[in-house]
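Colleague: If it helps, the file is called data06.txt and holds compact mmCIF, C-alpha atoms and all ligand atoms:
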```txt
# COMPACT_ATOMS: atom_id res chain seq x y z
CA ARG D 1 -19.55 18.30 -21.35
CA ASP D 2 -19.87 15.15 -23.45
CA LYS D 3 -17.17 16.44 -25.80
CA LEU D 4 -14.89 17.10 -22.85
CA VAL D 5 -15.45 13.62 -21.42
CA THR D 6 -14.75 12.03 -24.82
CA GLY D 7 -11.62 14.14 -25.18
CA VAL D 8 -10.32 13.17 -21.77
CA GLN D 9 -11.04 9.49 -22.42
CA THR D 10 -9.27 9.59 -25.78
CA CYS D 11 -6.16 11.13 -24.27
CA ALA D 12 -6.31 9.36 -20.94
CA LEU D 13 -6.36 5.82 -22.38
CA PRO D 14 -2.80 5.88 -23.76
CA ILE D 15 -1.62 7.54 -20.56
CA LEU D 16 -3.21 4.79 -18.48
CA ALA D 17 -1.64 2.20 -20.77
CA ILE D 18 1.78 3.77 -20.25
CA PHE D 19 1.19 3.97 -16.52
CA PHE D 20 0.39 0.26 -16.26
CA ARG D 21 2.64 -1.18 -18.97
CA GLY D 22 5.59 1.22 -18.96
CA MET D 23 7.54 2.16 -22.07
CA THR D 24 10.79 1.03 -23.63
CA PRO D 25 13.64 3.57 -23.61
CA GLU D 26 13.06 4.13 -27.34
CA GLU D 27 9.37 4.84 -26.78
CA THR D 28 10.15 7.20 -23.91
CA ALA D 29 12.63 9.07 -26.11
CA ALA D 30 10.07 9.29 -28.94
CA LEU D 31 7.38 10.66 -26.61
CA THR D 32 9.87 13.15 -25.14
CA ASP D 33 10.94 14.28 -28.60
CA ALA D 34 7.32 14.84 -29.69
CA MET D 35 6.50 16.76 -26.51
CA MET D 36 9.65 18.86 -26.85
CA ARG D 37 8.66 19.76 -30.43
CA SER D 38 5.15 20.86 -29.36
CA GLY D 39 6.51 24.38 -28.74
CA ASP D 40 9.48 26.71 -29.21
CA LEU D 41 12.99 25.30 -29.27
CA VAL D 42 15.76 27.53 -27.95
CA SER D 43 18.96 27.14 -29.95
CA PHE D 44 22.52 28.00 -29.01
CA GLU D 45 24.06 26.67 -32.18
CA GLY D 46 27.27 28.46 -33.06
CA TRP D 47 27.72 29.94 -29.57
CA PRO D 48 31.33 30.31 -28.47
CA ARG D 49 30.77 28.74 -25.03
CA PRO D 50 29.54 25.20 -24.30
CA THR D 51 26.00 25.23 -22.87
CA ALA D 52 24.95 23.29 -19.79
CA ASP D 53 22.14 23.13 -17.25
CA LYS D 54 21.27 21.29 -14.07
CA HIS D 55 17.87 19.90 -13.12
CA SER D 56 16.81 18.95 -9.60
CA THR D 57 13.77 16.86 -8.79
CA GLY D 58 13.24 19.17 -5.82
CA GLY D 59 13.48 19.16 -2.08
CA ILE D 60 13.52 21.17 1.13
CA GLY D 61 16.13 23.91 1.31
CA ASP D 62 17.31 23.10 -2.22
CA LYS D 63 18.71 26.45 -3.27
CA LEU D 64 21.50 24.89 -5.35
CA SER D 65 20.47 26.42 -8.70
CA LEU D 66 21.11 29.89 -7.28
CA MET D 67 24.80 29.02 -6.84
CA ILE D 68 25.29 26.51 -9.65
CA ALA D 69 24.16 28.76 -12.54
CA PRO D 70 26.59 31.62 -11.75
CA LEU D 71 29.40 29.27 -10.69
CA ALA D 72 29.20 27.28 -13.93
CA ALA D 73 29.08 30.55 -15.86
CA ALA D 74 32.12 31.86 -13.99
CA ALA D 75 33.93 28.69 -15.05
CA GLY D 76 33.20 29.35 -18.73
CA LEU D 77 29.89 27.64 -19.50
CA ALA D 78 26.78 29.32 -20.86
CA VAL D 79 23.88 28.34 -18.60
CA PRO D 80 20.29 28.61 -19.85
CA MET D 81 18.16 27.65 -16.84
CA ILE D 82 14.39 27.49 -16.95
CA SER D 83 13.02 26.78 -13.50
CA GLY D 84 9.72 26.00 -11.87
CA ARG D 85 7.68 27.12 -8.90
CA GLY D 86 7.24 25.29 -5.64
CA LEU D 87 4.23 23.11 -5.00
CA GLY D 88 3.33 21.28 -1.80
CA ILE D 89 6.33 20.90 0.49
CA THR D 90 8.82 21.32 -2.37
CA GLY D 91 10.22 24.79 -2.97
CA GLY D 92 10.87 26.27 -6.41
CA THR D 93 13.81 28.29 -7.68
CA LEU D 94 11.48 30.75 -9.36
CA ASP D 95 9.73 31.67 -6.09
CA LYS D 96 13.10 32.12 -4.43
CA LEU D 97 14.34 34.44 -7.17
CA GLU D 98 11.11 36.42 -7.11
CA SER D 99 11.83 37.40 -3.51
CA ILE D 100 14.64 39.57 -4.95
CA PRO D 101 13.21 43.08 -5.41
CA GLY D 102 12.65 43.77 -9.11
CA TYR D 103 13.98 40.44 -10.45
CA ASP D 104 12.08 39.54 -13.63
CA THR D 105 11.63 35.82 -14.23
CA ARG D 106 9.46 36.34 -17.34
CA LEU D 107 11.97 37.24 -20.00
CA SER D 108 11.32 36.62 -23.69
CA VAL D 109 13.55 34.01 -25.33
CA GLU D 110 15.48 36.85 -27.00
CA ALA D 111 16.10 38.64 -23.69
CA PHE D 112 16.99 35.30 -22.04
CA LYS D 113 19.67 34.68 -24.66
CA ARG D 114 20.91 38.27 -24.42
CA VAL D 115 21.43 37.94 -20.64
CA ILE D 116 23.26 34.62 -21.12
CA ALA D 117 25.48 36.18 -23.79
CA GLU D 118 26.31 39.16 -21.56
CA VAL D 119 26.56 37.49 -18.15
CA GLY D 120 26.99 33.75 -18.78
CA CYS D 121 23.73 32.57 -17.22
CA SER D 122 20.08 33.42 -16.87
CA VAL D 123 17.39 31.84 -14.71
CA ILE D 124 13.81 32.39 -15.81
CA GLY D 125 10.40 30.74 -15.55
CA GLN D 126 8.75 28.46 -18.02
CA THR D 127 6.89 30.20 -20.83
CA ASP D 128 3.64 28.87 -22.29
CA ARG D 129 5.49 28.29 -25.54
CA LEU D 130 7.99 25.83 -24.11
CA ALA D 131 6.82 22.20 -24.43
CA PRO D 132 3.12 23.15 -24.09
CA ALA D 133 2.11 19.50 -24.54
CA ASP D 134 3.59 18.82 -21.10
CA LYS D 135 1.20 21.19 -19.36
CA LYS D 136 -1.80 19.47 -20.93
CA LEU D 137 -0.52 15.97 -20.31
CA TYR D 138 0.43 16.80 -16.73
CA ALA D 139 -3.10 18.09 -16.03
CA LEU D 140 -4.47 14.84 -17.40
CA ARG D 141 -2.00 12.76 -15.38
CA ASP D 142 -2.97 14.70 -12.29
CA VAL D 143 -6.69 13.90 -12.62
CA THR D 144 -6.13 10.29 -13.66
CA GLY D 145 -3.65 9.54 -10.84
CA THR D 146 -0.88 8.64 -13.29
CA VAL D 147 1.79 11.15 -12.23
CA PRO D 148 4.13 8.57 -10.61
CA SER D 149 5.26 6.81 -13.79
CA ILE D 150 8.97 6.90 -14.65
CA PRO D 151 8.51 7.17 -18.46
CA LEU D 152 5.88 9.92 -18.06
CA ILE D 153 7.99 11.82 -15.51
CA THR D 154 11.01 11.46 -17.78
CA ALA D 155 9.16 12.79 -20.82
CA SER D 156 7.71 15.64 -18.77
CA ILE D 157 11.03 16.79 -17.30
CA MET D 158 13.09 16.15 -20.41
CA SER D 159 10.73 17.77 -22.94
CA LYS D 160 11.14 21.07 -21.08
CA LYS D 161 14.87 20.67 -20.43
CA LEU D 162 15.67 19.67 -24.01
CA ALA D 163 13.62 22.54 -25.47
CA GLU D 164 15.84 24.89 -23.47
CA GLY D 165 18.74 24.01 -25.76
CA ALA D 166 21.64 23.10 -23.42
CA GLU D 167 24.12 20.52 -24.79
CA THR D 168 24.91 19.15 -21.33
CA LEU D 169 22.33 18.22 -18.69
CA VAL D 170 23.19 17.23 -15.13
CA PHE D 171 20.48 15.78 -12.91
CA ASP D 172 20.24 16.02 -9.15
CA VAL D 173 17.76 13.27 -8.36
CA LYS D 174 16.74 13.69 -4.75
CA CYS D 175 16.01 10.60 -2.76
CA GLY D 176 14.31 10.28 0.63
CA ARG D 177 11.30 11.13 2.74
CA ALA D 178 10.88 14.66 1.35
CA ALA D 179 11.70 13.77 -2.25
CA PHE D 180 9.53 12.95 -5.23
CA MET D 181 11.41 9.62 -5.33
CA ARG D 182 11.41 8.17 -1.84
CA SER D 183 13.33 4.94 -2.42
CA ARG D 184 16.86 4.56 -3.75
CA GLY D 185 15.62 2.12 -6.42
CA ASP D 186 13.04 4.57 -7.80
CA ALA D 187 15.52 7.46 -7.70
CA ARG D 188 18.09 5.37 -9.58
CA ALA D 189 15.51 4.27 -12.16
CA LEU D 190 14.51 7.90 -12.78
CA ALA D 191 18.14 9.06 -12.99
CA GLU D 192 18.92 6.32 -15.51
CA SER D 193 15.82 7.06 -17.54
CA LEU D 194 16.55 10.83 -17.66
CA SER D 195 20.16 10.19 -18.67
CA ARG D 196 19.22 7.63 -21.31
CA VAL D 197 16.64 9.87 -22.97
CA GLY D 198 19.04 12.82 -22.87
CA ARG D 199 21.71 10.78 -24.64
CA ALA D 200 19.23 9.31 -27.14
CA LEU D 201 18.32 12.88 -28.08
CA GLY D 202 21.91 13.99 -28.50
CA ARG D 203 22.86 15.51 -25.14
CA LYS D 204 25.66 14.79 -22.70
CA THR D 205 24.29 13.76 -19.31
CA ALA D 206 25.28 12.82 -15.77
CA ALA D 207 23.17 12.25 -12.67
CA LEU D 208 23.77 12.28 -8.94
CA LEU D 209 21.44 10.72 -6.40
CA THR D 210 21.46 12.94 -3.32
CA ASP D 211 19.89 12.67 0.11
CA MET D 212 16.57 14.35 0.82
CA ASP D 213 15.72 12.77 4.16
CA GLN D 214 17.11 15.91 5.78
CA PRO D 215 16.94 19.52 4.53
CA LEU D 216 19.79 21.12 2.66
CA GLY D 217 21.47 23.97 4.50
CA ARG D 218 20.13 25.96 7.43
CA THR D 219 17.23 27.71 5.73
CA ALA D 220 14.00 26.69 4.01
CA GLY D 221 11.68 29.20 2.40
CA ASN D 222 12.31 31.83 -0.22
CA ALA D 223 14.08 35.08 0.79
CA VAL D 224 15.97 33.16 3.52
CA GLU D 225 17.27 30.70 0.93
CA VAL D 226 18.41 33.54 -1.33
CA ALA D 227 20.35 34.99 1.63
CA GLU D 228 21.96 31.58 2.29
CA ALA D 229 22.80 31.19 -1.40
CA VAL D 230 24.60 34.54 -1.28
CA GLU D 231 26.58 33.34 1.76
CA THR D 232 27.60 30.24 -0.19
CA LEU D 233 28.56 32.38 -3.17
CA LYS D 234 30.78 34.36 -0.79
CA GLY D 235 32.69 31.15 -0.02
CA ALA D 236 30.90 30.59 3.30
CA GLY D 237 27.50 28.95 3.85
CA PRO D 238 26.73 25.47 5.20
CA ALA D 239 29.11 22.63 4.26
CA ASP D 240 26.38 20.45 2.70
CA THR D 241 25.23 23.27 0.44
CA ARG D 242 28.78 23.96 -0.70
CA GLU D 243 29.57 20.27 -1.22
CA LEU D 244 26.63 19.65 -3.55
CA THR D 245 27.15 22.94 -5.37
CA LEU D 246 30.70 21.92 -6.19
CA ALA D 247 29.84 18.30 -7.02
CA LEU D 248 27.02 19.14 -9.45
CA THR D 249 28.80 22.06 -11.11
CA ALA D 250 31.89 19.87 -11.57
CA GLU D 251 29.75 17.35 -13.50
CA MET D 252 28.64 20.20 -15.78
CA THR D 253 32.10 21.64 -16.41
CA VAL D 254 33.70 18.24 -17.08
CA LEU D 255 30.97 17.18 -19.54
CA GLY D 256 31.12 20.66 -21.08
CA GLY D 257 34.86 20.23 -21.67
CA VAL D 258 35.92 23.13 -19.43
CA HIS D 259 37.79 20.94 -16.90
CA PRO D 260 39.65 17.68 -17.56
CA ASP D 261 38.29 15.68 -14.60
CA LEU D 262 36.07 15.98 -11.54
CA ASP D 263 38.94 16.56 -9.08
CA ALA D 264 40.44 19.37 -11.12
CA ALA D 265 36.94 20.81 -11.63
CA GLN D 266 36.19 20.83 -7.89
CA ARG D 267 39.49 22.56 -7.11
CA GLU D 268 38.97 25.25 -9.74
CA LEU D 269 35.30 25.75 -8.82
CA ALA D 270 36.18 26.14 -5.13
CA ARG D 271 38.63 28.84 -6.19
CA LEU D 272 35.89 30.63 -8.16
CA LEU D 273 33.54 30.49 -5.17
CA ASP D 274 36.12 31.64 -2.66
CA GLY D 275 37.51 34.31 -5.00
CA GLY D 276 34.08 35.92 -5.48
CA GLN D 277 33.91 35.37 -9.26
CA ALA D 278 30.70 33.32 -9.03
CA LEU D 279 29.16 35.97 -6.78
CA GLU D 280 30.05 38.63 -9.34
CA VAL D 281 28.24 36.68 -12.08
CA PHE D 282 25.21 36.32 -9.80
CA ARG D 283 25.23 40.07 -9.12
CA ARG D 284 25.35 40.83 -12.85
CA MET D 285 22.58 38.33 -13.63
CA VAL D 286 20.29 39.90 -11.00
CA ALA D 287 20.95 43.38 -12.40
CA ALA D 288 20.50 42.22 -16.02
CA GLN D 289 17.08 40.82 -15.08
CA GLY D 290 15.91 44.05 -13.48
CA GLY D 291 16.71 43.12 -9.87
CA ASP D 292 18.27 45.41 -7.30
CA PRO D 293 21.57 43.69 -6.41
CA ARG D 294 22.13 45.75 -3.25
CA PHE D 295 20.64 42.91 -1.15
CA ILE D 296 23.85 41.00 -1.82
CA ASP D 297 25.74 43.32 0.53
CA ASP D 298 22.74 44.17 2.68
CA PRO D 299 20.39 41.16 3.16
CA SER D 300 17.92 43.37 5.07
CA ARG D 301 16.83 44.60 1.61
CA LEU D 302 15.19 41.19 1.03
CA PRO D 303 11.58 40.76 2.22
CA GLN D 304 11.58 40.61 6.03
CA PRO D 305 9.14 38.64 8.22
CA GLY D 306 6.91 40.37 10.74
CA ALA D 307 7.96 37.89 13.43
CA ALA D 308 10.80 35.47 14.15
CA VAL D 309 10.01 32.86 16.81
CA ALA D 310 12.72 30.59 18.23
CA VAL D 311 12.03 26.86 18.69
CA PRO D 312 13.82 25.69 21.87
CA ALA D 313 15.52 22.30 22.15
CA PRO D 314 13.52 20.09 24.53
CA GLN D 315 16.67 18.44 25.92
CA SER D 316 20.46 18.51 25.67
CA GLY D 317 22.37 16.12 23.41
CA PHE D 318 23.27 15.83 19.75
CA VAL D 319 20.99 16.52 16.80
CA SER D 320 20.54 13.06 15.32
CA PHE D 321 18.05 13.79 12.55
CA VAL D 322 16.17 16.72 10.99
CA ASP D 323 13.03 15.55 9.21
CA ALA D 324 12.92 17.36 5.86
CA GLU D 325 9.32 16.46 5.20
CA ALA D 326 8.18 17.89 8.54
CA ILE D 327 10.22 21.06 7.99
CA GLY D 328 8.66 21.39 4.53
CA ARG D 329 5.18 21.20 6.07
CA VAL D 330 6.07 23.83 8.66
CA VAL D 331 7.32 26.18 5.91
CA LEU D 332 4.08 25.60 4.01
CA GLN D 333 2.02 26.50 7.08
CA LEU D 334 4.11 29.57 7.80
CA GLY D 335 3.03 30.84 4.35
CA GLY D 336 6.25 30.08 2.47
CA GLY D 337 4.75 27.53 0.07
CA ARG D 338 1.60 26.79 -1.85
CA THR D 339 -0.82 23.87 -1.90
CA ALA D 340 -2.43 24.95 -5.22
CA THR D 341 -0.70 26.58 -8.17
CA THR D 342 -2.91 29.65 -7.70
CA ASP D 343 -1.88 30.24 -4.02
CA MET D 344 0.16 33.34 -3.18
CA ILE D 345 3.28 32.82 -1.10
CA ASP D 346 4.83 35.04 1.55
CA PRO D 347 8.43 35.48 0.34
CA ALA D 348 9.70 36.26 3.86
CA ALA D 349 8.14 33.19 5.51
CA GLY D 350 10.22 30.13 6.28
CA VAL D 351 12.77 28.67 8.64
CA ASP D 352 16.30 29.86 9.32
CA ARG D 353 19.19 29.10 11.71
CA LEU D 354 18.22 25.43 11.46
CA VAL D 355 20.47 22.99 13.31
CA GLN D 356 22.00 20.10 11.40
CA ALA D 357 22.59 16.45 12.30
CA GLY D 358 25.69 15.92 14.43
CA GLU D 359 25.59 19.27 16.20
CA PRO D 360 25.51 19.43 20.01
CA VAL D 361 22.58 21.32 21.54
CA THR D 362 21.73 22.29 25.08
CA LYS D 363 18.18 22.31 26.47
CA GLY D 364 16.42 25.56 25.55
CA GLN D 365 18.87 26.47 22.78
CA PRO D 366 17.07 27.41 19.53
CA LEU D 367 16.80 24.54 17.03
CA MET D 368 15.61 27.01 14.37
CA ARG D 369 13.63 30.23 13.96
CA LEU D 370 10.15 30.29 12.45
CA LEU D 371 9.60 33.33 10.24
CA ALA D 372 6.07 34.53 9.50
CA GLN D 373 4.00 37.62 8.99
CA ASP D 374 2.71 37.50 12.55
CA ALA D 375 3.96 35.88 15.74
CA SER D 376 0.77 33.91 16.45
CA ARG D 377 1.10 31.99 13.17
CA ALA D 378 4.69 31.03 14.04
CA GLU D 379 3.96 30.28 17.70
CA ALA D 380 1.22 27.84 16.71
CA LEU D 381 3.85 25.79 14.88
CA VAL D 382 6.58 25.67 17.54
CA ALA D 383 5.68 22.19 18.86
CA ARG D 384 5.44 20.76 15.36
CA ALA D 385 8.78 22.28 14.39
CA ALA D 386 10.44 20.94 17.55
CA ALA D 387 9.14 17.45 16.73
CA ALA D 388 10.94 17.62 13.35
CA VAL D 389 14.33 17.57 15.12
CA ALA D 390 15.49 14.44 16.95
CA VAL D 391 18.01 14.95 19.77
CA ALA D 392 19.92 11.92 21.11
CA ALA D 393 22.60 11.26 23.71
CA GLU D 394 25.17 10.21 21.08
CA PRO D 395 26.10 11.90 17.81
CA PRO D 396 24.73 10.13 14.70
CA PRO D 397 26.95 8.60 12.01
CA ALA D 398 28.04 11.12 9.34
CA ARG D 399 25.34 11.97 6.83
CA ASP D 400 25.65 10.44 3.37
CA LEU D 401 24.76 13.43 1.21
CA LEU D 402 25.92 12.14 -2.14
CA LEU D 403 24.40 8.69 -2.47
CA GLU D 404 25.32 7.57 -5.96
CA ARG D 405 26.69 8.81 -9.25
CA ILE D 406 25.10 7.60 -12.49
CA ALA D 407 27.62 8.24 -15.24
N1 LIG N 501 8.44 17.39 -12.59
C1 LIG N 501 7.98 17.57 -13.85
O1 LIG N 501 8.30 18.54 -14.50
N2 LIG N 501 7.14 16.63 -14.35
C2 LIG N 501 6.77 15.53 -13.68
O2 LIG N 501 6.05 14.73 -14.19
C3 LIG N 501 7.26 15.37 -12.37
C4 LIG N 501 8.10 16.32 -11.86
```
Please lay out the structure from this file as structure tokens.
Ligand code: URA
Modeller:
Amino acid sequence: RDKLVTGVQTCALPILAIFFRGMTPEETAALTDAMMRSGDLVSFEGWPRPTADKHSTGGIGDKLSLMIAPLAAAAGLAVPMISGRGLGITGGTLDKLESIPGYDTRLSVEAFKRVIAEVGCSVIGQTDRLAPADKKLYALRDVTGTVPSIPLITASIMSKKLAEGAETLVFDVKCGRAAFMRSRGDARALAESLSRVGRALGRKTAALLTDMDQPLGRTAGNAVEVAEAVETLKGAGPADTRELTLALTAEMTVLGGVHPDLDAAQRELARLLDGGQALEVFRRMVAAQGGDPRFIDDPSRLPQPGAAVAVPAPQSGFVSFVDAEAIGRVVLQLGGGRTATTDMIDPAAGVDRLVQAGEPVTKGQPLMRLLAQDASRAEALVARAAAAVAVAAEPPPARDLLLERIA
């Protein structure tokens, strides 16, 4: 026990010093570089396609990776994407993908590269051999209350992303009440720090600050988000989901040299979404990773909830706000998220058919459906879910989804 305490103190002191004093960009880059080199480095040197990835700081209904990886691949990039699990109110791409029957997120580095070579993209989970120093440091940050430090967050995110080997990295830094960074200033500082370290270590970077006061799309959970991602890959899906998919993928293809500018990129990417090419890449990726792609044409093959309970609107009017944080908590309580890394999630639990700000509603009309294993669990959350949606007499001003671009 004494040894453990001494060990923690030895490691915790520099972390506390960083937390209180900060680090210069050079120091942050040096720490990131050392953490990145603590494990395996994936290399795509000599590959015929430019490599690119996107990282999101996480939010409610954020299923963008599921569309962005295949869309960027359809445009000509190679996309190595190593994703994380959800924790607390924030969902994780890995949990979403694992709701696909058979989909294997635990590929070896060799298999990961083989899928990317064959299909154009692969999305897997983090292995223990990728930036292992981050896992240890994060555990220490967690117990010492030093997680919210921009240099430490930067080194943590970037050590894993850089080890993954992509030449281009695009960041979606979420900002708002359900985001890791609640204020615009903090979100901007993180976006700038991530971009700076990426460039210092030889990568091309861009960052967008995007709104996370309200959920993205009309679903939050796991299987329901996969179904919505498929809709978006079919050229349909909610407008906000499509807009951010195109905006972030365009940043990747322009930096990767596939498209000359963002306007041309958006036009070409919209064509690839609407023409089904991105969907085809997604289908092939699922199959290459052991998944059964038949859910793409028949969503009932995804895990189904035992009960779906509608949440009625308390009054008529216009939806003025949907509180992403409150929706995230409802999803958690329905069984769709985890409060500890060891918790099991129910892949079918979540929220679907969620209204969005600006839409007219009449009293009694469903604001969303709560999906759970049994009706009593969902019914107990109806009042809480209803309180997450504000209905007003007048429509709200248009939502600002894309807040800022950090070049
Ligand atoms: N995500 C990470 O990977 N690390 C952090 O420190 C914070 C968010």
Colleague: Let me have the centre and edge lengths in Å, one decimal, of the box along x, y and z around every listed atom of ligand LIG 501 (chain N) with 3 Å of margin on each side, as JSON.
Modeller:
```
{"center_x": 7.2, "center_y": 16.6, "center_z": -13.2, "size_x": 8.4, "size_y": 9.8, "size_z": 8.6}
```
Colleague: Using all atoms listed in the file, find each residue with an atom at most 8 Å away from ligand LIG 501 (chain N) and format the answer as a PyMOL selection string.
Modeller: chain D and resi 57+134+138+147-149+152-158+160+180
Colleague: Out of D:Asp128, D:Asp211, D:Asp95, D:Asp33, which residue has the shortest atom-to-atom distance to D:Glu404 when counting only C-alpha atoms?
Modeller: D:Asp211
Colleague: Pick out the residues sitting within 12 Å of D:Leu162, and hand them over as a PyMOL selection string; count only C-alpha atoms, and ignore anything fewer than 5 positions along from it in its own chain.
Modeller: chain D and resi 29+32-44+51-55+80-82+130-131+154-157+167-170+194-195+197-205
Colleague: Need the shell around D:Gly350: protein/DNA/RNA residues with any atom at most 10 Å away, counting only C-alpha atoms. Skip same-chain ones fewer than 6 positions apart. Format as an mmCIF file with C-alpha atoms, in the coordinates of the input?
Modeller:
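File produced: selection.cif:
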```cif
data_model
loop_
_atom_site.group_PDB
_atom_site.id
_atom_site.type_symbol
_atom_site.label_atom_id
_atom_site.label_comp_id
_atom_site.auth_asym_id
_atom_site.auth_seq_id
_atom_site.Cartn_x
_atom_site.Cartn_y
_atom_site.Cartn_z
ATOM 1 C CA GLY D 61 16.130 23.910 1.310
ATOM 2 C CA THR D 219 17.230 27.710 5.730
ATOM 3 C CA ALA D 220 14.000 26.690 4.010
ATOM 4 C CA GLY D 221 11.680 29.200 2.400
ATOM 5 C CA ASN D 222 12.310 31.830 -0.220
ATOM 6 C CA ALA D 223 14.080 35.080 0.790
ATOM 7 C CA VAL D 224 15.970 33.160 3.520
ATOM 8 C CA GLU D 225 17.270 30.700 0.930
ATOM 9 C CA PRO D 305 9.140 38.640 8.220
ATOM 10 C CA ALA D 308 10.800 35.470 14.150
ATOM 11 C CA ILE D 327 10.220 21.060 7.990
ATOM 12 C CA GLY D 328 8.660 21.390 4.530
ATOM 13 C CA VAL D 330 6.070 23.830 8.660
ATOM 14 C CA VAL D 331 7.320 26.180 5.910
ATOM 15 C CA LEU D 332 4.080 25.600 4.010
ATOM 16 C CA GLN D 333 2.020 26.500 7.080
ATOM 17 C CA LEU D 334 4.110 29.570 7.800
ATOM 18 C CA GLY D 335 3.030 30.840 4.350
ATOM 19 C CA GLY D 336 6.250 30.080 2.470
ATOM 20 C CA GLY D 337 4.750 27.530 0.070
ATOM 21 C CA ARG D 369 13.630 30.230 13.960
ATOM 22 C CA LEU D 370 10.150 30.290 12.450
ATOM 23 C CA LEU D 371 9.600 33.330 10.240
ATOM 24 C CA ALA D 372 6.070 34.530 9.500
ATOM 25 C CA ALA D 378 4.690 31.030 14.040
#
```
Colleague: Excluding same-chain residues fewer than 2 positions from stretch 227-235 of chain D, what lies within 6 Å of it counting only C-alpha atoms, as a PyMOL selection string?
Modeller: chain D and resi 224-225+237+273-274+276+279
Colleague: Atom CA of D:Phe19 to atom CA of D:Asp62: how many Å, to one decimal?
Modeller: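 Atom-to-atom, atom CA of D:Phe19 to atom CA of D:Asp62, that is 28.8 Å.
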Colleague: Restricting the calculation to all atoms listed in the file, which member of D:Leu262, D:Met67, D:Leu16, D:Met252 is positioned closest to D:Pro151?
Modeller: D:Leu16
Colleague: Check the smallest atom-to-atom distance from each of D:Val79, D:Leu13, D:Ala74, D:Val254 to D:Lys161 using all atoms listed in the file, then report the winner.
Modeller: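 Of D:Val79, D:Leu13, D:Ala74, D:Val254, the one nearest D:Lys161 is D:Val79, counting all atoms listed in the file.
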Colleague: Can you pull out the residues contacting D:Ser56? Cut-off 6 Å, using all atoms listed in the file, and skip same-chain residues under 6 positions away; I want them as a list in words.
Modeller: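 My reading of the contact set: Phe171, Asp172 and Val173 of chain D.
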Colleague: Quick one: write out the picked residues with C-alpha atoms as an mmCIF file, keeping the file's coordinate frame?
Modeller:
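The file below, part27.cif, is the result:
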```cif
data_model
loop_
_atom_site.group_PDB
_atom_site.id
_atom_site.type_symbol
_atom_site.label_atom_id
_atom_site.label_comp_id
_atom_site.auth_asym_id
_atom_site.auth_seq_id
_atom_site.Cartn_x
_atom_site.Cartn_y
_atom_site.Cartn_z
ATOM 1 C CA PHE D 171 20.480 15.780 -12.910
ATOM 2 C CA ASP D 172 20.240 16.020 -9.150
ATOM 3 C CA VAL D 173 17.760 13.270 -8.360
#
```
